[in-house]
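Taking it in order: structure first as structure tokens, then the write-up.
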There are 4 protein chains.
Amino acid sequence: MSKTIRVTVWGEFRHEKKNPKVAALYPQGMHETIADFLRPNTDFTVRTAWLDQPEHGLTDAILADTDVLIWWGHMAHGDVQDAIVAKVKTRVLEGMGLIALHSAHYAKIFKALLGTTCSLKWREATDKERLWNINPAHPITQGIGEYFEIPAEEMYGEPFGIPEPDQLIFISWFTGGEVFRSGATWQRGNGRIFYFRPGHETYPTYHQKEVQMVITNAVRWARATVCIPDVCPNAKPLEPLPDDTEAAARPTIGHK
Amino acid sequence: MSKTIRVTVWGEFRHEKKNPKVAALYPQGMHETIADFLRPNTDFTVRTAWLDQPEHGLTDAILADTDVLIWWGHMAHGDVQDAIVAKVKTRVLEGMGLIALHSAHYAKIFKALLGTTCSLKWREATDKERLWNINPAHPITQGIGEYFEIPAEEMYGEPFGIPEPDQLIFISWFTGGEVFRSGATWQRGNGRIFYFRPGHETYPTYHQKEVQMVITNAVRWARATVCIPDVCPNAKPLEPLPDDTEAAARPTIGHK
Amino acid sequence: MSKTIRVTVWGEFRHEKKNPKVAALYPQGMHETIADFLRPNTDFTVRTAWLDQPEHGLTDAILADTDVLIWWGHMAHGDVQDAIVAKVKTRVLEGMGLIALHSAHYAKIFKALLGTTCSLKWREATDKERLWNINPAHPITQGIGEYFEIPAEEMYGEPFGIPEPDQLIFISWFTGGEVFRSGATWQRGNGRIFYFRPGHETYPTYHQKEVQMVITNAVRWARATVCIPDVCPNAKPLEPLPDDTEAAARPTIGHK
Amino acid sequence: MSKTIRVTVWGEFRHEKKNPKVAALYPQGMHETIADFLRPNTDFTVRTAWLDQPEHGLTDAILADTDVLIWWGHMAHGDVQDAIVAKVKTRVLEGMGLIALHSAHYAKIFKALLGTTCSLKWREATDKERLWNINPAHPITQGIGEYFEIPAEEMYGEPFGIPEPDQLIFISWFTGGEVFRSGATWQRGNGRIFYFRPGHETYPTYHQKEVQMVITNAVRWARATVCIPDVCPNAKPLEPLPDDTEAAARPTIGHK
């Protein structure tokens with residue numbers, strides 16, 4: 001594998017152009033803010049990509065050169081081409097890591113990998129969010145204490161339509177009375193997936209130190225360590241079998 | 001919910017028409033053989049459906065009237081319409097049980113719910129399969145002893161491209177030297193999913209008592225107990241929030 | 001197995017004798033209150049047992065006659081004899097269900113089965129608890145809506161020192177800002193275990209309808225369906241092995 | 001944490017003194033053979049300890065100086081003092097990694113952490129073992145191909161009395177017709193646990209390259225990254241609570 005961890009930060013990059021409040025918080029786009037706090041890590045090589053680039057910036061060459069893909073999307077999930085989603089899915093199953101942020105709970109790629117609705121409750125208001133660290137030994141929570149707070153964020157509430165996570169990392173408490181599984185991991189194929197809840201576009205969440213620390217840790221945790229293409233092979237036996245009088249008639253090509 | 005468990009057995013029903021060997025084993029089709037051994041259970045109501053019916057026999061009315069869907073497909077996965085697959089997936093996430101048999105490891109519905117390649121090794125030959133019961137307390141293994149054998153079956157071998165199961169039920173030993181996770185469960189949304197490996201069309205597997213017992217047990221285990229439609233609601237707070245000077249500008253419709 | 005579900009409700013039964021506040025809430029003891037709301041279920045046979053009985057009321061005969069054991073203890077975990085704990089553990093691993101309530105997070109039997117610290121944060125104060133239903137398709141949550149509230153309860157907060165649950169059922173929100181995994185299941189051996197957080201002795205929690213409904217559902221879910229004694233057998237091969245010139249020298253008794 | 005990974009290899013070291021066949025295979029003891037193949041890794045610091053040392057070689061100082069403990073025991077599990085087991089368990093829950101080898105399935109420390117019987121089938125004969133790699137993306141399987149074989153080993157067969165693993169890594173095929181979950185991981189508290197089946201004392205298993213590679217990988221995977229002592233604190237609220245007229249009477253010491 002690559003010596004450095006090759007990170008591609010993908011952003012929808014539309015709110016920033018339409019909503020002055022978002023533009024004020026993230027003048028170069030949310031993806032650039034995320035890339036900026038990752039770049040000082042000398043073990044990372046960081047690039048960005050966004051929706052309105054050709055192939056959404058996710059060409060075969062770039063996907064092949066990516067160990068961890070970070071995904072933020074919200075209003076335009078439907079504009080992401082199914083063919084690109086299929087390629088990204090293939091890469092995750094081969095081994096590429098995926099970090100899905102906030103409203104990416106409804107990104108096509110996240111739903112395709114998890115297979116469920118990924119629905120939730122939500123509210124934009126004045127909630128405070130407190131994220132409790134449920135797994136202090138996990139690589140993703142290193143340097144994070146027992147909890148951290150985000151002064152104002154969109155609320156996401158349970159039930160969250162996800163498969164039981166492999167590891168539950170954070171549970172959020174919201175002022176308005178809800179709770180949420182805010183950090184969770186799954187392995188799918190050879191790829192590691194981390195969902196991290198915070199990051200609504202109208203709040204300065206990605207400028208907050210603890211949020212940056214979690215995402216940085218998650219990049220290291222999710223890095224691809226293998227790239228194993230999908231096969232479904234006809235396999236010769238490793239031990240002797242009884243005679244097969246019908247051997248000539250057996251199919252040797254098939255599962256597809 | 002319904003007083004009886006409403007079972008729909010779906011079969012591809014093409015091998016039986018093309019291959020005399022399959023027709024000899026399953027003269028009315030594999031789906032009818034499966035339905036036949038389920039019908040004596042007075043707590044079940046059993047119907048069948050197949051690929052070449054209109055809407056593949058899976059109309060909205062039939063899906064709404066189904067608690068457990070059993071799926072066998074092999075050579076014609078690609079002929080199943082995506083729109084029908086989407087409807088079946090919605091029903092599973094709402095609560096309907098799904099039992100995927102043998103080559104349904106590659107059925108669109110199974111792959112869509114699990115999100116992975118679902119690939120494996122395979123060989124049609126003279127292997128014997130011995131299924132070891134890994135979870136003797138599980139409802140699906142009641143009446144099955146420590147193991148049972150199928151005298152001849154297609155081999156499926158690891159690695160099997162599935163997410164880590166919620167519960168591993170059976171592991172198979174094959175004469176040729178392979179192993180396989182032959183029985184496994186997952187919950188997806190509100191639906192229970194059971195994958196059961198045996199059942200290649202050229203072997204009399206579905207006539208075997210233990211195989212029938214497992215599938216019968218699985219129907220009871222997988223039965224729908226709820227039907228919860230997907231929502232992603234804007235939620236009012238349950239506890240007082242700080243004043244929100246921007247309340248009028250907040251979106252209340254959105255996640256989609 | 002038994003036609004009815006044989007439930008033994010075990011209570012420490014000491015607070016009720018020492019603290020008038022507890023005695024006022026639970027005049028016959030907390031175990032009798034729990035037994036009382038279970039008894040109207042005609043599919044249950046319910047008895048009680050408590051710490052200061054001989055063998056803590058858990059004789060071999062009673063354990064053998066129990067499908068589900070409900071356990072409430074708090075101030076006197078240390079007074080439970082290790083030999084009785086060992087017998088209860090054996091029964092759970094054989095197939096008996098265990099429902100551990102509230103402060104039973106620190107019961108010897110719960111810690112012995114889970115293997116972890118089972119520690120948590122706690123506070124007796126004026127918190128309200130809101131339990132969010134994370135798994136609305138689970139048998140334990142049937143009849144419970146999206147959430148229910150307990151007007152006043154002791155707070156338990158994360159991190160909770162448990163192994164990742166098989167299924168997470170409830171997450172609690174507390175007024176004071178904490179969250180907690182309040183309902184969770186594990187299978188250990190052939191036994192099903194459910195931990196349910198509510199039930200501090202100085203609050204009328206076990207008189208609340210939703211709490212009663214959850215415990216009633218959990219009894220049905222946890223009921224023993226098998227009783228499989230522990231063995232570690234020397235096993236003869238099922239397939240031919242190469243000649244073994246050392247066969248006479250091989251041990252056939254051993255693992256212990 | 002420590003710059004190098006501090007490994008303590010613990011061996012029972014009794015078979016080697018009593019059985020000439022074992023002594024011929026492992027002249028310095030099995031623990032020394034294991035330590036020997038680990039030592040060339042410059043990121044490891046390796047020591048050994050054994051049963052007949054004072055405190056079984058596991059003093060407080062040594063445990064505090066250990067990131068990963070490797071454990072091999074067989075005939076003398078009962079001679080390991082409970083007080084030492086309790087200390088080792090505390091260290092694992094604080095964050096120390098544990099690699100349990102072969103017959104350590106019945107080691108007190110392994111059973112105490114998993115909470116189950118850990119029983120299995122077994123046979124000393126002429127079986128070949130083929131370990132299938134079920135999780136090729138896992139750190140523990142790096143460099144291992146699809147499978148590897150051990151020409152002769154003791155057979156261990158299912159059912160294996162363990163909790164459902166967090167991650168299943170290897171499944172073994174045995175000549176005699178059995179299968180076994182030969183590599184599996186669990187997190188308990190802050191510690192990572194890996195069970196690895198091969199290594200009966202009368203076979204040269206720990207001289208085999210693939211076995212050495214798996215154990216070496218497992219050391220890196222299991223290394224302690226935190227050391228978090230157990231606490232069960234009385235916690236002040238982080239958000240305002242309603243007035244508490246009974247505050248003075250509330251306990252603030254308690255859970256134990």
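Each chain of the structure tokens is named A, B, ... in the order shown, its residues numbered from 1; ligands are numbered from 1 in display order.
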Each chain B residue no farther than 7 Å from chain A, nearest pair in Å, only C-alpha atoms, as JSON lines:
{"residue": "B:Leu93", "atom": "CA", "partner": "A:Thr116", "partner_atom": "CA", "distance": 6.7}
{"residue": "B:Ala112", "atom": "CA", "partner": "A:Gly115", "partner_atom": "CA", "distance": 5.8}
{"residue": "B:Leu113", "atom": "CA", "partner": "A:Gly115", "partner_atom": "CA", "distance": 4.3}
{"residue": "B:Leu114", "atom": "CA", "partner": "A:Gly115", "partner_atom": "CA", "distance": 5.6}
{"residue": "B:Gly115", "atom": "CA", "partner": "A:Leu113", "partner_atom": "CA", "distance": 4.3}
{"residue": "B:Thr116", "atom": "CA", "partner": "A:Gly189", "partner_atom": "CA", "distance": 5.9}
{"residue": "B:Ser119", "atom": "CA", "partner": "A:Cys232", "partner_atom": "CA", "distance": 5.1}
{"residue": "B:Leu120", "atom": "CA", "partner": "A:Cys232", "partner_atom": "CA", "distance": 5.1}
{"residue": "B:Lys121", "atom": "CA", "partner": "A:Pro233", "partner_atom": "CA", "distance": 5.1}
{"residue": "B:Trp122", "atom": "CA", "partner": "A:Asn234", "partner_atom": "CA", "distance": 5.1}
{"residue": "B:Arg123", "atom": "CA", "partner": "A:Asn234", "partner_atom": "CA", "distance": 5.6}
{"residue": "B:Glu124", "atom": "CA", "partner": "A:Arg250", "partner_atom": "CA", "distance": 6.2}
{"residue": "B:Ala125", "atom": "CA", "partner": "A:Asp244", "partner_atom": "CA", "distance": 6.6}
{"residue": "B:Thr126", "atom": "CA", "partner": "A:Asp244", "partner_atom": "CA", "distance": 6.1}
{"residue": "B:Asp127", "atom": "CA", "partner": "A:Leu241", "partner_atom": "CA", "distance": 6.5}
{"residue": "B:Gly161", "atom": "CA", "partner": "A:Gly189", "partner_atom": "CA", "distance": 6.1}
{"residue": "B:Ile162", "atom": "CA", "partner": "A:Gly189", "partner_atom": "CA", "distance": 6.9}
{"residue": "B:Pro163", "atom": "CA", "partner": "A:Arg188", "partner_atom": "CA", "distance": 5.8}
{"residue": "B:Thr175", "atom": "CA", "partner": "A:Leu241", "partner_atom": "CA", "distance": 6.5}
{"residue": "B:Gly176", "atom": "CA", "partner": "A:Pro237", "partner_atom": "CA", "distance": 4.5}
{"residue": "B:Gly177", "atom": "CA", "partner": "A:Leu238", "partner_atom": "CA", "distance": 5.3}
{"residue": "B:Gln187", "atom": "CA", "partner": "A:Pro163", "partner_atom": "CA", "distance": 7.0}
{"residue": "B:Arg188", "atom": "CA", "partner": "A:Pro163", "partner_atom": "CA", "distance": 5.8}
{"residue": "B:Gly189", "atom": "CA", "partner": "A:Thr116", "partner_atom": "CA", "distance": 5.9}
{"residue": "B:Val231", "atom": "CA", "partner": "A:Ser119", "partner_atom": "CA", "distance": 6.6}
{"residue": "B:Cys232", "atom": "CA", "partner": "A:Leu120", "partner_atom": "CA", "distance": 5.1}
{"residue": "B:Pro233", "atom": "CA", "partner": "A:Lys121", "partner_atom": "CA", "distance": 5.1}
{"residue": "B:Asn234", "atom": "CA", "partner": "A:Trp122", "partner_atom": "CA", "distance": 5.1}
{"residue": "B:Ala235", "atom": "CA", "partner": "A:Arg123", "partner_atom": "CA", "distance": 5.8}
{"residue": "B:Pro237", "atom": "CA", "partner": "A:Gly176", "partner_atom": "CA", "distance": 4.5}
{"residue": "B:Leu238", "atom": "CA", "partner": "A:Gly177", "partner_atom": "CA", "distance": 5.3}
{"residue": "B:Glu239", "atom": "CA", "partner": "A:Gly176", "partner_atom": "CA", "distance": 4.5}
{"residue": "B:Pro240", "atom": "CA", "partner": "A:Gly176", "partner_atom": "CA", "distance": 6.2}
{"residue": "B:Leu241", "atom": "CA", "partner": "A:Gly176", "partner_atom": "CA", "distance": 6.0}
{"residue": "B:Pro242", "atom": "CA", "partner": "A:Thr126", "partner_atom": "CA", "distance": 6.1}
{"residue": "B:Asp244", "atom": "CA", "partner": "A:Thr126", "partner_atom": "CA", "distance": 6.1}
{"residue": "B:Ala247", "atom": "CA", "partner": "A:Ala125", "partner_atom": "CA", "distance": 6.8}
{"residue": "B:Arg250", "atom": "CA", "partner": "A:Glu124", "partner_atom": "CA", "distance": 6.2}
Which neighbours of Pro198 (chain B) fall inside 12 Å, counting only C-alpha atoms, when residues of the same chain fewer than 6 positions from it are skipped, and could you give them as a ChimeraX atom specification? /B:72,100-105,128-131,148-156,170-172,180-183,204-208,210-212,214-215
Residues as selected, C-alpha atoms, written as a PDB file, in the first residue's frame, can you do that?
ATOM      1  CA  TRP B  72     -34.585 -19.163  -4.492  1.00  0.00           C
ATOM      2  CA  ALA B 100     -32.466 -16.504   1.128  1.00  0.00           C
ATOM      3  CA  LEU B 101     -31.642 -19.995  -0.089  1.00  0.00           C
ATOM      4  CA  HIS B 102     -28.441 -21.243  -1.713  1.00  0.00           C
ATOM      5  CA  SER B 103     -27.710 -19.363  -4.964  1.00  0.00           C
ATOM      6  CA  ALA B 104     -29.850 -16.473  -3.709  1.00  0.00           C
ATOM      7  CA  HIS B 105     -26.525 -15.328  -2.231  1.00  0.00           C
ATOM      8  CA  LYS B 128     -20.500 -34.340   0.806  1.00  0.00           C
ATOM      9  CA  GLU B 129     -21.565 -31.425   3.012  1.00  0.00           C
ATOM     10  CA  ARG B 130     -21.683 -31.676   6.792  1.00  0.00           C
ATOM     11  CA  LEU B 131     -23.395 -28.729   8.491  1.00  0.00           C
ATOM     12  CA  PHE B 148     -26.348 -33.170   9.738  1.00  0.00           C
ATOM     13  CA  GLU B 149     -25.040 -34.306   6.392  1.00  0.00           C
ATOM     14  CA  ILE B 150     -26.135 -33.829   2.811  1.00  0.00           C
ATOM     15  CA  PRO B 151     -24.753 -36.739   0.780  1.00  0.00           C
ATOM     16  CA  ALA B 152     -24.013 -34.663  -2.320  1.00  0.00           C
ATOM     17  CA  GLU B 153     -24.219 -30.925  -2.870  1.00  0.00           C
ATOM     18  CA  GLU B 154     -22.564 -28.092  -4.719  1.00  0.00           C
ATOM     19  CA  MET B 155     -19.622 -26.801  -2.694  1.00  0.00           C
ATOM     20  CA  TYR B 156     -19.618 -23.183  -1.512  1.00  0.00           C
ATOM     21  CA  PHE B 170     -24.142 -23.347  10.752  1.00  0.00           C
ATOM     22  CA  ILE B 171     -20.630 -23.920   9.433  1.00  0.00           C
ATOM     23  CA  SER B 172     -20.216 -26.485   6.662  1.00  0.00           C
ATOM     24  CA  PHE B 180     -18.528 -22.196   4.671  1.00  0.00           C
ATOM     25  CA  ARG B 181     -20.780 -20.117   6.902  1.00  0.00           C
ATOM     26  CA  SER B 182     -23.892 -21.987   5.797  1.00  0.00           C
ATOM     27  CA  GLY B 183     -26.458 -20.479   8.109  1.00  0.00           C
ATOM     28  CA  PRO B 204     -32.600 -33.566  -4.037  1.00  0.00           C
ATOM     29  CA  THR B 205     -31.700 -31.321  -1.106  1.00  0.00           C
ATOM     30  CA  TYR B 206     -35.155 -29.870  -0.436  1.00  0.00           C
ATOM     31  CA  HIS B 207     -36.508 -33.378  -0.023  1.00  0.00           C
ATOM     32  CA  GLN B 208     -34.213 -33.959   2.955  1.00  0.00           C
ATOM     33  CA  GLU B 210     -33.207 -31.774   8.209  1.00  0.00           C
ATOM     34  CA  VAL B 211     -33.191 -29.143   5.491  1.00  0.00           C
ATOM     35  CA  GLN B 212     -36.961 -28.929   5.704  1.00  0.00           C
ATOM     36  CA  VAL B 214     -34.330 -25.745   9.327  1.00  0.00           C
ATOM     37  CA  ILE B 215     -36.439 -23.821   6.812  1.00  0.00           C
TER      38      ILE B 215
END
B:Thr66, B:Asn133, B:Asn19, B:Gln81: which is nearest Phe44 (chain B), counting only C-alpha atoms?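 Looking at the shortest contact to Phe44 (chain B), the residue is B:Thr66.
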Choose the residue, out of A:Asp60, A:Asp43, A:Asp52, A:Glu146, that has the smallest atom-to-atom separation from Val179 (chain C); count only C-alpha atoms. A:Glu146
Mind pulling up the distance from CA of Thr4 (chain B) to CA of Ile84 (chain B)? 24.9 Å
Among the residues of region 33-255 of chain C, find those DSSP assigns to helix (DSSP H, G or I) from the backbone and print them as number ranges by chain. C: 33-38, 54-57, 60-64, 77-79, 82-94, 102-106, 108-114, 139-141, 205-207, 209-222, 247-249
